[in-house]
Amino acid sequence: MDLLKLKQIFPSISQQPSTLGEDVAIHHQGKVYFIPSNEVNEDQRELLDAINSEPIHTSKETKWLSYLNNYSKEVPHEIDLYRFVHIQMETSSINQELFRESVETMLGKNLLFLWNEVNHVCIFEEIHSEQDVVNFQEIIDLMSDDLDMKLRIFVTDIQTDIKRAPDLFHWSLSISREIWKGPSNRVVKQPEAMRHLMPHLFTKEDRLFFSEAILKDTLNDPELLRSIRVVIECQGNVSLAAKKLFMHRNSLQYRIEKFSELTGYDLRSFEDMFHVYLAFLITD
């Protein structure tokens, strides 16, 4: 899309929405531009719809995008509680209207859909009560089946200050992209994001040297490492870990002692357990 040519045809095109109400929103290189609707005839609107490489939002969504992108300082309307829900779809094409209709029907509420890419949408969700909060971990299978596509979701914490929304919007957008670069849970909540981001904070060389320094020769023993990881995930409870591994407790205890001898790390120490778990995270 040639932005200069568009400016020649529509002199009032701007990153600020007009005060006239309905605008035609054009997406170009991650930015949103607005053309007052009274400057666009029907044929031009159809042409803009055809060449616009990204979704056109509703008037309400356009106003929120303007605020969240700091193009406008005016809050479209006051909200007491809200959160952002980023959804990645493993598909190269999608019927956005059908997607909107399906998600709103499943969640039983009207939502704001802020499309970032063809396969990445951020839902701006207004929360009215505790009963209004959707547990995406419980419904992601239903959503995936209904939409017939694999989904991954990143959910922010519920917020009360709408003035923080632009910062949270851009931060959560960036974080979701980083999380989805590698393997992660299908639904990741904001506090859980740290461990999913951990591998991306290190270069390949960093990961190699740190993991070798901590795990040493046990790197060549995947069964031993799997056992140790389960012990850590069970917070050091050997009996519980043994049940999950279908092992006798004494056999697992022997593996723990062997790991300690090879690495020098004692899983009874919180600090040692923490370092070993970090090593697991960066070697995933």
# chains A, B, ... in the order shown; residues from 1 in each chain; ligands from 1
call {"tool": "select_by_dssp", "arguments": {"residues": "range 226-267 of chain A", "states": "alpha helix (DSSP H)", "output": "ChimeraX atom specification"}}
result
/A:226-233,238-245,249-263
call {"tool": "residues_around", "arguments": {"residues": "His128 in chain A", "least_positions_apart": "2", "cutoff": "12 Å", "atoms": "only C-alpha atoms", "output": "list in words"}}
result
Ile79, Asp80, Leu81, Tyr82, Arg83, Lys109, Glu125, Glu126, Glu130, Gln131, Asp132, Val133, Val134, Ile158, Gln159 and Thr160 of chain A
call {"tool": "closest_atom_pairs", "arguments": {"of": "range 189-246 of chain A", "to": "range 273-280 of chain A", "cutoff": "12 Å", "atoms": "only C-alpha atoms", "output": "JSON lines"}}
result
{"residue": "A:Met194", "atom": "CA", "partner": "A:Leu278", "partner_atom": "CA", "distance": 11.1}
{"residue": "A:Arg195", "atom": "CA", "partner": "A:Leu278", "partner_atom": "CA", "distance": 8.4}
{"residue": "A:His196", "atom": "CA", "partner": "A:Leu278", "partner_atom": "CA", "distance": 10.9}
{"residue": "A:Leu197", "atom": "CA", "partner": "A:Leu278", "partner_atom": "CA", "distance": 11.4}
{"residue": "A:Met198", "atom": "CA", "partner": "A:Leu278", "partner_atom": "CA", "distance": 8.0}
{"residue": "A:Pro199", "atom": "CA", "partner": "A:Leu278", "partner_atom": "CA", "distance": 9.1}
{"residue": "A:Leu201", "atom": "CA", "partner": "A:Leu278", "partner_atom": "CA", "distance": 11.7}
{"residue": "A:Phe202", "atom": "CA", "partner": "A:Ala279", "partner_atom": "CA", "distance": 11.3}
{"residue": "A:Asp206", "atom": "CA", "partner": "A:Ala279", "partner_atom": "CA", "distance": 10.8}
{"residue": "A:Arg207", "atom": "CA", "partner": "A:Ala279", "partner_atom": "CA", "distance": 8.0}
{"residue": "A:Leu208", "atom": "CA", "partner": "A:Ala279", "partner_atom": "CA", "distance": 9.6}
{"residue": "A:Phe209", "atom": "CA", "partner": "A:Ala279", "partner_atom": "CA", "distance": 10.1}
{"residue": "A:Phe210", "atom": "CA", "partner": "A:Ala279", "partner_atom": "CA", "distance": 7.0}
{"residue": "A:Ser211", "atom": "CA", "partner": "A:Ala279", "partner_atom": "CA", "distance": 5.2}
{"residue": "A:Glu212", "atom": "CA", "partner": "A:Ala279", "partner_atom": "CA", "distance": 8.7}
{"residue": "A:Ala213", "atom": "CA", "partner": "A:Ala279", "partner_atom": "CA", "distance": 9.0}
{"residue": "A:Ile214", "atom": "CA", "partner": "A:Val276", "partner_atom": "CA", "distance": 6.5}
{"residue": "A:Leu215", "atom": "CA", "partner": "A:Val276", "partner_atom": "CA", "distance": 7.2}
{"residue": "A:Lys216", "atom": "CA", "partner": "A:Ala279", "partner_atom": "CA", "distance": 10.6}
{"residue": "A:Thr218", "atom": "CA", "partner": "A:Val276", "partner_atom": "CA", "distance": 11.4}
{"residue": "A:Leu219", "atom": "CA", "partner": "A:Phe280", "partner_atom": "CA", "distance": 10.2}
{"residue": "A:Pro222", "atom": "CA", "partner": "A:Phe280", "partner_atom": "CA", "distance": 11.4}
{"residue": "A:Leu225", "atom": "CA", "partner": "A:Phe280", "partner_atom": "CA", "distance": 8.6}
{"residue": "A:Arg226", "atom": "CA", "partner": "A:Phe280", "partner_atom": "CA", "distance": 9.7}
{"residue": "A:Ser227", "atom": "CA", "partner": "A:Phe280", "partner_atom": "CA", "distance": 11.9}
{"residue": "A:Ile228", "atom": "CA", "partner": "A:Val276", "partner_atom": "CA", "distance": 9.0}
{"residue": "A:Arg229", "atom": "CA", "partner": "A:Tyr277", "partner_atom": "CA", "distance": 7.2}
{"residue": "A:Val230", "atom": "CA", "partner": "A:Tyr277", "partner_atom": "CA", "distance": 10.3}
{"residue": "A:Val231", "atom": "CA", "partner": "A:Met273", "partner_atom": "CA", "distance": 9.6}
{"residue": "A:Ile232", "atom": "CA", "partner": "A:Met273", "partner_atom": "CA", "distance": 6.8}
{"residue": "A:Glu233", "atom": "CA", "partner": "A:Tyr277", "partner_atom": "CA", "distance": 8.7}
{"residue": "A:Cys234", "atom": "CA", "partner": "A:Met273", "partner_atom": "CA", "distance": 11.4}
{"residue": "A:Gln235", "atom": "CA", "partner": "A:Met273", "partner_atom": "CA", "distance": 8.9}
{"residue": "A:Gly236", "atom": "CA", "partner": "A:Met273", "partner_atom": "CA", "distance": 8.5}
call {"tool": "residues_around", "arguments": {"residues": "Pro166 in chain A", "least_positions_apart": "3", "cutoff": "12 Å", "atoms": "only C-alpha atoms", "output": "list in words"}}
result
Trp64, Leu65, Ser66, Tyr67, Leu68, Asn69, Asn70, Tyr71, Ser72, Lys73, Glu74, Val75, Arg83, Phe84, Phe124, Gln159, Asp161, Ile162, Lys163, Phe169, His170, Trp171, Ser172 and Leu173 of chain A
call {"tool": "atom_distance", "arguments": {"atom1": "CA of Glu39 in chain A", "atom2": "CA of Ser59 in chain A"}}
result
16.1 Å
call {"tool": "residues_around", "arguments": {"residues": "Ile179 in chain A", "least_positions_apart": "5", "cutoff": "9 Å", "atoms": "only C-alpha atoms", "output": "ChimeraX atom specification"}}
result
/A:154,174,184,188,193,196-197,200
call {"tool": "closest_residue", "arguments": {"among": "A:Ile140, A:Pro76, A:Met149, A:Gln96", "to": "Ala165 in chain A", "atoms": "only C-alpha atoms"}}
result
A:Pro76
call {"tool": "select_by_dssp", "arguments": {"residues": "range 109-167 of chain A", "states": "strand (DSSP E)", "output": "compact mmCIF listing (two decimals) with N, CA and C atoms, in the first residue's frame"}}
result
# COMPACT_ATOMS: atom_id res chain seq x y z
N LEU A 112 -14.33 -6.49 22.23
CA LEU A 112 -13.60 -5.66 21.27
C LEU A 112 -12.47 -6.51 20.69
N PHE A 113 -12.43 -6.64 19.37
CA PHE A 113 -11.42 -7.45 18.70
C PHE A 113 -10.41 -6.51 18.04
N LEU A 114 -9.20 -6.50 18.56
CA LEU A 114 -8.15 -5.62 18.06
C LEU A 114 -7.15 -6.48 17.30
N TRP A 115 -7.31 -6.54 15.99
CA TRP A 115 -6.49 -7.42 15.17
C TRP A 115 -5.11 -6.84 14.99
N ASN A 116 -4.11 -7.67 15.26
CA ASN A 116 -2.72 -7.27 15.06
C ASN A 116 -2.19 -7.84 13.75
N GLU A 117 -2.47 -9.10 13.51
CA GLU A 117 -2.10 -9.77 12.27
C GLU A 117 -3.26 -10.68 11.90
N HIS A 120 -3.45 -13.23 14.63
CA HIS A 120 -3.22 -12.76 16.00
C HIS A 120 -4.21 -11.64 16.31
N VAL A 121 -5.10 -11.91 17.26
CA VAL A 121 -6.06 -10.89 17.67
C VAL A 121 -5.95 -10.68 19.17
N CYS A 122 -6.09 -9.44 19.58
CA CYS A 122 -6.13 -9.11 21.01
C CYS A 122 -7.57 -8.75 21.36
N ILE A 123 -8.14 -9.49 22.28
CA ILE A 123 -9.49 -9.19 22.75
C ILE A 123 -9.39 -8.28 23.97
N PHE A 124 -10.03 -7.12 23.86
CA PHE A 124 -10.09 -6.18 24.98
C PHE A 124 -11.39 -6.50 25.71
N GLU A 125 -11.26 -7.13 26.89
CA GLU A 125 -12.41 -7.67 27.59
C GLU A 125 -12.76 -6.82 28.81
N GLU A 126 -13.96 -6.28 28.83
CA GLU A 126 -14.45 -5.55 29.99
C GLU A 126 -15.01 -6.56 30.99
N ILE A 127 -14.60 -6.45 32.25
CA ILE A 127 -15.04 -7.36 33.30
C ILE A 127 -16.06 -6.63 34.17
N LEU A 151 -5.32 -23.15 18.83
CA LEU A 151 -5.22 -21.82 19.42
C LEU A 151 -4.19 -21.82 20.54
N ARG A 152 -3.54 -20.67 20.71
CA ARG A 152 -2.73 -20.42 21.90
C ARG A 152 -3.14 -19.06 22.44
N ILE A 153 -3.22 -18.97 23.77
CA ILE A 153 -3.80 -17.78 24.40
C ILE A 153 -2.88 -17.25 25.50
N PHE A 154 -2.71 -15.93 25.52
CA PHE A 154 -2.01 -15.26 26.60
C PHE A 154 -2.98 -14.27 27.25
N VAL A 155 -3.17 -14.40 28.57
CA VAL A 155 -4.16 -13.61 29.29
C VAL A 155 -3.47 -12.72 30.33
